[in-house]
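Okay, upload00.cif now, which holds mmCIF, C-alpha atoms and all ligand atoms:
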```cif
data_coords
#
loop_
_atom_site.group_PDB
_atom_site.id
_atom_site.type_symbol
_atom_site.label_atom_id
_atom_site.label_comp_id
_atom_site.auth_asym_id
_atom_site.auth_seq_id
_atom_site.Cartn_x
_atom_site.Cartn_y
_atom_site.Cartn_z
ATOM 1 C CA MET A 163 -8.742 28.242 9.358
ATOM 2 C CA GLU A 164 -8.858 26.945 12.921
ATOM 3 C CA LEU A 165 -9.221 23.165 12.749
ATOM 4 C CA PRO A 166 -10.759 21.211 15.612
ATOM 5 C CA PRO A 167 -8.295 18.952 17.441
ATOM 6 C CA LEU A 168 -8.624 15.179 17.133
ATOM 7 C CA GLN A 169 -11.287 13.746 19.450
ATOM 8 C CA ALA A 170 -10.345 11.465 22.317
ATOM 9 C CA GLY A 171 -11.471 7.850 21.962
ATOM 10 C CA THR A 172 -11.802 7.990 18.159
ATOM 11 C CA LEU A 173 -10.656 5.515 15.542
ATOM 12 C CA TYR A 174 -9.585 7.368 12.382
ATOM 13 C CA LEU A 175 -9.466 5.401 9.107
ATOM 14 C CA VAL A 176 -6.743 7.210 7.216
ATOM 15 C CA ALA A 177 -6.282 6.717 3.453
ATOM 16 C CA THR A 178 -2.661 6.774 2.259
ATOM 17 C CA PRO A 179 -1.082 7.020 -1.242
ATOM 18 C CA ILE A 180 -1.462 4.170 -3.753
ATOM 19 C CA GLY A 181 1.752 5.111 -5.534
ATOM 20 C CA ASN A 182 2.318 8.837 -5.614
ATOM 21 C CA LEU A 183 3.425 10.150 -2.236
ATOM 22 C CA GLU A 184 1.867 13.545 -2.980
ATOM 23 C CA ASP A 185 -1.550 11.896 -2.743
ATOM 24 C CA ILE A 186 -2.136 12.401 0.953
ATOM 25 C CA THR A 187 -4.606 14.914 2.306
ATOM 26 C CA LEU A 188 -3.729 17.678 4.740
ATOM 27 C CA ARG A 189 -6.181 16.139 7.187
ATOM 28 C CA ALA A 190 -4.566 12.703 6.835
ATOM 29 C CA VAL A 191 -1.169 14.204 7.684
ATOM 30 C CA ARG A 192 -2.574 16.070 10.684
ATOM 31 C CA THR A 193 -4.416 12.966 11.914
ATOM 32 C CA LEU A 194 -1.291 10.815 11.631
ATOM 33 C CA ARG A 195 0.754 13.505 13.361
ATOM 34 C CA ASP A 196 -1.657 14.214 16.220
ATOM 35 C CA CYS A 197 -2.946 10.723 17.040
ATOM 36 C CA ASP A 198 -1.576 8.661 19.944
ATOM 37 C CA LEU A 199 -1.020 5.475 17.962
ATOM 38 C CA VAL A 200 -0.955 4.347 14.329
ATOM 39 C CA ALA A 201 -2.265 0.820 13.724
ATOM 40 C CA ALA A 202 -0.664 -0.283 10.468
ATOM 41 C CA GLU A 203 -0.924 -3.276 8.163
ATOM 42 C CA ASP A 204 2.854 -3.194 7.709
ATOM 43 C CA THR A 205 4.655 -1.135 10.344
ATOM 44 C CA ARG A 206 7.853 -0.921 8.270
ATOM 45 C CA ARG A 207 6.036 0.482 5.274
ATOM 46 C CA THR A 208 4.018 2.941 7.355
ATOM 47 C CA GLY A 209 7.210 3.874 9.211
ATOM 48 C CA SER A 210 8.720 4.903 5.843
ATOM 49 C CA LEU A 211 5.652 6.987 4.997
ATOM 50 C CA LEU A 212 5.825 8.775 8.361
ATOM 51 C CA LYS A 213 9.543 9.355 7.877
ATOM 52 C CA HIS A 214 8.759 10.907 4.496
ATOM 53 C CA LEU A 215 6.178 13.133 6.240
ATOM 54 C CA GLY A 216 8.822 14.140 8.784
ATOM 55 C CA PHE A 217 7.672 12.591 12.062
ATOM 56 C CA ARG A 218 7.556 9.310 13.980
ATOM 57 C CA LYS A 219 4.695 7.727 15.907
ATOM 58 C CA PRO A 220 4.169 4.643 18.035
ATOM 59 C CA LEU A 221 3.098 1.883 15.623
ATOM 60 C CA LEU A 222 1.012 -1.237 16.253
ATOM 61 C CA SER A 223 0.821 -3.967 13.651
ATOM 62 C CA TYR A 224 -2.697 -4.783 12.498
ATOM 63 C CA PHE A 225 -2.996 -7.232 9.632
ATOM 64 C CA GLN A 226 -5.205 -10.030 8.391
ATOM 65 C CA PHE A 227 -3.873 -12.695 10.740
ATOM 66 C CA ASN A 228 -3.815 -10.733 14.000
ATOM 67 C CA GLU A 229 -6.969 -8.684 13.371
ATOM 68 C CA ALA A 230 -9.047 -10.394 16.075
ATOM 69 C CA ARG A 231 -6.446 -10.011 18.845
ATOM 70 C CA ARG A 232 -5.393 -6.517 17.806
ATOM 71 C CA SER A 233 -9.001 -5.350 17.485
ATOM 72 C CA GLU A 234 -9.502 -6.106 21.188
ATOM 73 C CA GLU A 235 -6.398 -4.129 22.085
ATOM 74 C CA ILE A 236 -7.453 -1.195 19.888
ATOM 75 C CA LEU A 237 -10.909 -1.176 21.462
ATOM 76 C CA ARG A 238 -9.423 -1.174 24.972
ATOM 77 C CA ARG A 239 -7.179 1.750 24.099
ATOM 78 C CA LEU A 240 -9.996 3.697 22.427
ATOM 79 C CA ALA A 241 -12.167 3.158 25.495
ATOM 80 C CA ALA A 242 -9.317 4.619 27.564
ATOM 81 C CA GLY A 243 -9.489 7.773 25.424
ATOM 82 C CA GLU A 244 -6.667 7.224 22.919
ATOM 83 C CA LYS A 245 -6.889 8.652 19.395
ATOM 84 C CA ILE A 246 -5.921 5.891 16.999
ATOM 85 C CA ALA A 247 -5.254 6.119 13.258
ATOM 86 C CA LEU A 248 -5.658 2.946 11.229
ATOM 87 C CA VAL A 249 -3.821 2.721 7.899
ATOM 88 C CA SER A 250 -3.267 -0.037 5.375
ATOM 89 C CA ASP A 251 -0.285 -0.470 3.057
ATOM 90 C CA ALA A 252 -1.897 1.722 0.423
ATOM 91 C CA GLY A 253 -5.221 3.389 -0.239
ATOM 92 C CA SER A 254 -8.284 3.172 1.956
ATOM 93 C CA PRO A 255 -8.272 0.801 4.930
ATOM 94 C CA GLY A 256 -11.152 -1.664 4.754
ATOM 95 C CA ILE A 257 -11.226 -1.758 0.933
ATOM 96 C CA SER A 258 -9.715 -5.193 0.160
ATOM 97 C CA ASP A 259 -7.509 -4.446 3.160
ATOM 98 C CA PRO A 260 -7.806 -4.975 6.928
ATOM 99 C CA GLY A 261 -10.052 -2.591 8.834
ATOM 100 C CA GLU A 262 -13.614 -3.837 8.615
ATOM 101 C CA ARG A 263 -13.397 -6.001 11.723
ATOM 102 C CA VAL A 264 -12.141 -3.335 14.108
ATOM 103 C CA VAL A 265 -14.592 -0.764 12.699
ATOM 104 C CA ARG A 266 -17.526 -3.100 13.284
ATOM 105 C CA ALA A 267 -16.331 -3.923 16.786
ATOM 106 C CA ALA A 268 -15.747 -0.251 17.619
ATOM 107 C CA ARG A 269 -19.216 0.727 16.424
ATOM 108 C CA ALA A 270 -20.802 -2.180 18.302
ATOM 109 C CA ALA A 271 -19.043 -0.949 21.439
ATOM 110 C CA GLY A 272 -20.430 2.562 20.898
ATOM 111 C CA LEU A 273 -17.004 4.029 20.136
ATOM 112 C CA ARG A 274 -16.427 6.834 17.672
ATOM 113 C CA VAL A 275 -15.146 6.042 14.154
ATOM 114 C CA GLU A 276 -14.251 8.645 11.525
ATOM 115 C CA ALA A 277 -13.086 8.281 7.925
ATOM 116 C CA VAL A 278 -10.241 10.439 6.665
ATOM 117 C CA PRO A 279 -10.886 9.775 2.962
ATOM 118 C CA GLY A 280 -8.303 9.859 0.211
ATOM 119 C CA PRO A 281 -6.732 7.573 -2.389
ATOM 120 C CA CYS A 282 -8.566 4.413 -3.352
ATOM 121 C CA ALA A 283 -7.674 2.392 -6.471
ATOM 122 C CA VAL A 284 -11.290 1.536 -7.307
ATOM 123 C CA ILE A 285 -12.295 5.204 -7.454
ATOM 124 C CA GLY A 286 -9.200 6.341 -9.378
ATOM 125 C CA ALA A 287 -9.608 3.548 -11.921
ATOM 126 C CA LEU A 288 -13.354 3.973 -12.358
ATOM 127 C CA THR A 289 -13.407 7.729 -12.728
ATOM 128 C CA ALA A 290 -10.569 7.807 -15.286
ATOM 129 C CA SER A 291 -11.615 4.666 -17.225
ATOM 130 C CA GLY A 292 -14.229 6.283 -19.456
ATOM 131 C CA LEU A 293 -16.739 3.628 -18.377
ATOM 132 C CA PRO A 294 -20.027 4.701 -16.779
ATOM 133 C CA ALA A 295 -19.487 5.468 -13.101
ATOM 134 C CA GLY A 296 -23.143 6.190 -12.257
ATOM 135 C CA GLU A 297 -23.726 2.601 -11.188
ATOM 136 C CA PHE A 298 -20.877 0.268 -10.368
ATOM 137 C CA HIS A 299 -20.293 -2.957 -8.512
ATOM 138 C CA PHE A 300 -17.036 -3.374 -6.613
ATOM 139 C CA VAL A 301 -15.972 -7.017 -6.527
ATOM 140 C CA GLY A 302 -12.529 -6.695 -4.925
ATOM 141 C CA PHE A 303 -10.377 -9.826 -5.339
ATOM 142 C CA LEU A 304 -11.934 -12.906 -6.927
ATOM 143 C CA PRO A 305 -11.573 -16.270 -5.173
ATOM 144 C CA ARG A 306 -8.424 -18.130 -6.246
ATOM 145 C CA LYS A 307 -9.924 -21.659 -6.320
ATOM 146 C CA PRO A 308 -10.983 -22.403 -9.904
ATOM 147 C CA GLY A 309 -14.551 -23.598 -9.142
ATOM 148 C CA GLN A 310 -15.351 -20.730 -6.785
ATOM 149 C CA ARG A 311 -13.744 -18.253 -9.148
ATOM 150 C CA ARG A 312 -15.767 -19.456 -12.121
ATOM 151 C CA ARG A 313 -19.019 -19.376 -10.126
ATOM 152 C CA LYS A 314 -18.257 -15.857 -8.895
ATOM 153 C CA LEU A 315 -17.572 -14.621 -12.426
ATOM 154 C CA GLU A 316 -20.768 -16.275 -13.706
ATOM 155 C CA SER A 317 -22.743 -14.649 -10.895
ATOM 156 C CA LEU A 318 -21.505 -11.252 -12.102
ATOM 157 C CA LEU A 319 -22.836 -11.689 -15.642
ATOM 158 C CA GLY A 320 -26.228 -10.219 -14.814
ATOM 159 C CA VAL A 321 -25.052 -7.551 -12.391
ATOM 160 C CA PRO A 322 -25.883 -4.083 -13.750
ATOM 161 C CA GLY A 323 -23.365 -1.261 -14.001
ATOM 162 C CA THR A 324 -19.592 -1.272 -14.365
ATOM 163 C CA LEU A 325 -17.846 -4.142 -12.577
ATOM 164 C CA VAL A 326 -14.573 -3.378 -10.799
ATOM 165 C CA ILE A 327 -12.136 -6.153 -9.897
ATOM 166 C CA TYR A 328 -8.775 -6.057 -8.105
ATOM 167 C CA GLU A 329 -6.270 -8.549 -9.454
ATOM 168 C CA SER A 330 -2.691 -9.476 -8.703
ATOM 169 C CA PRO A 331 -0.186 -8.886 -11.514
ATOM 170 C CA PHE A 332 0.472 -12.637 -11.510
ATOM 171 C CA ARG A 333 -3.121 -13.540 -12.383
ATOM 172 C CA VAL A 334 -4.270 -10.614 -14.487
ATOM 173 C CA GLU A 335 -3.596 -12.292 -17.830
ATOM 174 C CA LYS A 336 -5.475 -15.377 -16.638
ATOM 175 C CA LEU A 337 -8.375 -13.132 -15.617
ATOM 176 C CA VAL A 338 -8.513 -11.438 -19.011
ATOM 177 C CA GLY A 339 -8.580 -14.952 -20.577
ATOM 178 C CA GLU A 340 -11.541 -15.857 -18.348
ATOM 179 C CA LEU A 341 -13.284 -12.622 -19.336
ATOM 180 C CA ALA A 342 -12.762 -13.485 -23.018
ATOM 181 C CA GLU A 343 -14.772 -16.675 -22.395
ATOM 182 C CA LEU A 344 -17.538 -15.214 -20.254
ATOM 183 C CA PHE A 345 -17.694 -11.475 -20.999
ATOM 184 C CA GLY A 346 -16.498 -11.619 -24.634
ATOM 185 C CA GLY A 347 -18.690 -8.796 -25.956
ATOM 186 C CA ARG A 348 -18.061 -6.349 -23.130
ATOM 187 C CA HIS A 349 -15.812 -3.321 -23.028
ATOM 188 C CA VAL A 350 -12.967 -3.992 -20.598
ATOM 189 C CA VAL A 351 -10.463 -1.498 -19.213
ATOM 190 C CA LEU A 352 -7.187 -2.369 -17.501
ATOM 191 C CA ALA A 353 -6.038 0.448 -15.217
ATOM 192 C CA ARG A 354 -2.365 -0.176 -14.540
ATOM 193 C CA GLU A 355 0.012 1.500 -12.077
ATOM 194 C CA LEU A 356 -2.386 4.280 -11.090
ATOM 195 C CA THR A 357 -0.705 7.492 -9.908
ATOM 196 C CA LYS A 358 2.744 6.051 -10.711
ATOM 197 C CA LEU A 359 5.283 6.792 -13.412
ATOM 198 C CA HIS A 360 3.998 4.096 -15.776
ATOM 199 C CA GLU A 361 0.280 4.685 -15.292
ATOM 200 C CA GLU A 362 -1.623 3.357 -18.293
ATOM 201 C CA PHE A 363 -5.193 2.585 -19.332
ATOM 202 C CA LEU A 364 -5.758 -0.200 -21.882
ATOM 203 C CA SER A 365 -9.223 -0.604 -23.231
ATOM 204 C CA GLY A 366 -11.041 -2.944 -25.613
ATOM 205 C CA THR A 367 -12.592 -6.393 -25.793
ATOM 206 C CA PRO A 368 -11.044 -9.048 -23.552
ATOM 207 C CA ALA A 369 -9.762 -10.955 -26.624
ATOM 208 C CA ALA A 370 -7.994 -7.885 -28.007
ATOM 209 C CA LEU A 371 -6.495 -7.076 -24.586
ATOM 210 C CA LEU A 372 -5.276 -10.639 -24.301
ATOM 211 C CA GLN A 373 -3.431 -10.257 -27.596
ATOM 212 C CA ILE A 374 -1.669 -7.162 -26.273
ATOM 213 C CA MET A 375 -0.748 -8.937 -23.053
ATOM 214 C CA GLN A 376 0.716 -11.861 -24.942
ATOM 215 C CA LYS A 377 2.944 -9.473 -26.918
ATOM 216 C CA ARG A 378 3.878 -7.100 -24.092
ATOM 217 C CA LYS A 379 4.543 -8.247 -20.521
ATOM 218 C CA LEU A 380 2.466 -5.825 -18.476
ATOM 219 C CA LYS A 381 3.860 -5.316 -14.990
ATOM 220 C CA GLY A 382 2.633 -3.587 -11.874
ATOM 221 C CA GLU A 383 -0.719 -3.286 -10.150
ATOM 222 C CA PHE A 384 -4.036 -3.569 -11.962
ATOM 223 C CA VAL A 385 -7.672 -2.712 -11.579
ATOM 224 C CA VAL A 386 -9.845 -4.530 -14.105
ATOM 225 C CA LEU A 387 -13.120 -2.852 -15.126
ATOM 226 C CA ILE A 388 -15.913 -4.411 -17.162
ATOM 227 C CA GLY A 389 -18.471 -2.219 -18.885
ATOM 228 C CA GLY A 390 -22.138 -2.981 -18.257
ATOM 229 C CA THR A 391 -24.269 -5.157 -20.537
ATOM 230 C CA ALA A 392 -25.104 -2.196 -22.777
ATOM 231 C CA ALA A 393 -21.433 -1.946 -23.818
ATOM 232 C CA GLU A 394 -20.050 1.450 -24.562
ATOM 233 C CA PRO A 395 -19.463 2.162 -28.254
ATOM 234 C CA GLY A 396 -16.005 1.287 -29.505
ATOM 235 C CA ALA A 397 -15.578 -1.936 -27.514
ATOM 236 C CA GLU A 398 -14.010 -3.512 -30.565
ATOM 237 C CA GLU A 399 -11.304 -0.862 -30.756
ATOM 238 C CA ILE A 400 -8.167 -0.943 -28.708
ATOM 239 C CA GLU A 401 -6.960 2.320 -27.359
ATOM 240 C CA ALA A 402 -3.709 1.688 -25.590
ATOM 241 C CA GLU A 403 -2.482 4.969 -24.230
ATOM 242 C CA GLU A 404 1.216 5.575 -24.138
ATOM 243 C CA PRO A 405 2.568 5.711 -20.594
ATOM 244 C CA ALA A 406 2.458 9.252 -19.232
ATOM 245 C CA GLU A 407 5.529 11.468 -19.432
ATOM 246 C CA PRO A 408 7.748 10.909 -16.410
ATOM 247 C CA ALA A 409 6.189 13.021 -13.701
ATOM 248 C CA ASP A 410 7.504 14.116 -10.391
ATOM 249 C CA THR A 411 6.205 11.007 -8.678
ATOM 250 C CA ALA A 412 7.656 8.986 -5.888
ATOM 251 C CA ASP A 413 6.807 5.321 -5.737
ATOM 252 C CA PRO A 414 6.722 3.946 -2.190
ATOM 253 C CA ASP A 415 6.983 0.402 -3.537
ATOM 254 C CA PRO A 416 9.666 0.324 -6.199
ATOM 255 C CA GLU A 417 9.734 -3.518 -6.191
ATOM 256 C CA VAL A 418 6.307 -3.480 -7.808
ATOM 257 C CA GLU A 419 7.821 -1.838 -10.861
ATOM 258 C CA SER A 420 10.127 -4.719 -11.534
ATOM 259 C CA GLY A 421 7.785 -7.483 -10.248
HETATM 260 N N1 LIG B 501 -7.017 -0.500 -0.003
HETATM 261 C C1 LIG B 501 -6.576 -0.355 -1.360
HETATM 262 C C2 LIG B 501 -7.466 0.683 -2.054
HETATM 263 O O1 LIG B 501 -8.007 1.551 -1.378
HETATM 264 O O2 LIG B 501 -7.613 0.654 -3.252
HETATM 265 C C3 LIG B 501 -6.552 -1.671 -2.096
HETATM 266 C C4 LIG B 501 -5.627 -2.671 -1.483
HETATM 267 S S1 LIG B 501 -5.613 -4.216 -2.306
HETATM 268 C C5 LIG B 501 -4.690 -5.188 -1.150
HETATM 269 C C6 LIG B 501 -4.420 -4.000 -3.572
HETATM 270 C C7 LIG B 501 -5.037 -4.026 -4.957
HETATM 271 O O3 LIG B 501 -5.559 -2.735 -5.273
HETATM 272 C C8 LIG B 501 -4.027 -4.334 -6.057
HETATM 273 O O4 LIG B 501 -3.878 -5.731 -6.260
HETATM 274 C C9 LIG B 501 -4.682 -3.671 -7.262
HETATM 275 O O5 LIG B 501 -5.710 -4.478 -7.793
HETATM 276 C C10 LIG B 501 -5.300 -2.421 -6.623
HETATM 277 N N2 LIG B 501 -4.334 -1.310 -6.646
HETATM 278 C C11 LIG B 501 -3.720 -0.733 -5.585
HETATM 279 N N3 LIG B 501 -2.910 0.266 -5.987
HETATM 280 C C12 LIG B 501 -3.005 0.303 -7.329
HETATM 281 C C13 LIG B 501 -2.406 1.122 -8.343
HETATM 282 N N4 LIG B 501 -1.529 2.082 -8.038
HETATM 283 N N5 LIG B 501 -2.736 0.907 -9.633
HETATM 284 C C14 LIG B 501 -3.628 -0.061 -9.963
HETATM 285 N N6 LIG B 501 -4.209 -0.864 -9.052
HETATM 286 C C15 LIG B 501 -3.921 -0.690 -7.763
#
```
Would you mind writing the structure in this file as structure tokens?
Amino acid sequence: MELPPLQAGTLYLVATPIGNLEDITLRAVRTLRDCDLVAAEDTRRTGSLLKHLGFRKPLLSYFQFNEARRSEEILRRLAAGEKIALVSDAGSPGISDPGERVVRAARAAGLRVEAVPGPCAVIGALTASGLPAGEFHFVGFLPRKPGQRRRKLESLLGVPGTLVIYESPFRVEKLVGELAELFGGRHVVLARELTKLHEEFLSGTPAALLQIMQKRKLKGEFVVLIGGTAAEPGAEEIEAEEPAEPADTADPDPEVESG
């Protein structure tokens, strides 16, 4: 099939693997290969991905603390006709990752923006969790300050559909404790290490999950899902799946395994 070339003056939001390096679309590879510049959250990490794909590109760092300045530069270069790919460390740029600011600015300036969709932890976790996916509310990361965090969690009590939260491995046990207080009767799923060797789904009430976490130190990256108010049957049961058989996966962030 003859594919159209990349368009001049376009910002491409390219999703990259969240663990398994095979999870990159053909279009993502072509976009990264054919663009003029890759704006990356972490140039070293993206450099390793490009090396794995077999090519190099000029890289520009674009992360939370230089977003404003870099957005201006990206806009100038787009206006001059460059084709720019924006990637984050993992998954979809703009989803709990930098990207939103430059997209808004590019659109406001009448420049072209295209998504090159692919891996995204919220979608992987939700679709494989067994919780209803028809209506869901993506929360992203909760505030860290205790008062703000508590108020945010309380504000979610009445929100319909499945709630999806990103949490750092260092705070996930604390979060499950908070859910035991506020969302005690709900069905909760912990989606751990998606697409990686030790991928695992743990499901049950927050109190039961907390018991497991106190016995077993769970490492890696987590998405925390909370079933809607009409809890799914079986919330009282714990179904902890055994980690999948070692698959032919490559983890771009091996430190996460041991962290
Ligand atoms: N942009 C990314 C996406 O599209 O999902 C999310 C980036 S955010 C900085 C990182 C958070 O996403 C982690 O703390 C975790 O909650 C979730 N996450 C990313 N990769 C994951 C994985 N392989 N397994 C489980 N959760 C993951």
Contacts of region 248-260 of chain A at 10 Å (all atoms listed in the file; same-chain gap of 6+ positions) as a ChimeraX atom specification
/A:173-181,185-186,194,199-208,211,221-229,236,277-284,300-303,328,414-415
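The two atoms in question, CA of Leu240 (chain A) and CA of Phe217 (chain A), are spaced 22.3 Å apart.
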Using the chain letters and residue numbers of this document, give as a PyMOL selection string the residues selected by the PyMOL selection byres (((chain A and resi 172) around 8) and not hetatm).
chain A and resi 168-171+173-174+240+243-246+273-276
For ligand LIG 501 (chain B), the nearest of the candidates A:Ala287, A:Leu372, A:Gln310, A:Ser365, counting all atoms listed in the file
A:Ala287
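Among the candidate residues A:Ala369, A:Ile374, A:Leu288, A:Leu356, the one lying nearest to ligand LIG 501 (chain B) is A:Leu356, with distances computed using only C-alpha atoms and all ligand atoms.
Using all atoms listed in the file, the smallest distance between any of A:Asp196, A:Glu184, A:Glu164, A:Glu316 and Lys219 (chain A) comes from A:Asp196.
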Which residue is closest to ligand LIG 501 (chain B)? Choose from A:Leu188, A:Val264, A:Leu380, A:Ala370 and count only C-alpha atoms and all ligand atoms.
A:Leu380
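Using only C-alpha atoms, the protein and nucleic acid residues lying at most 12 Å from the point (-23.6, 1.2, -11.8) are Leu288, Leu293, Pro294, Ala295, Gly296, Glu297, Phe298, His299, Phe300, Val321, Pro322, Gly323, Thr324, Leu325, Val326, Leu387, Ile388, Gly389, Gly390, Thr391 and Ala392 of chain A.
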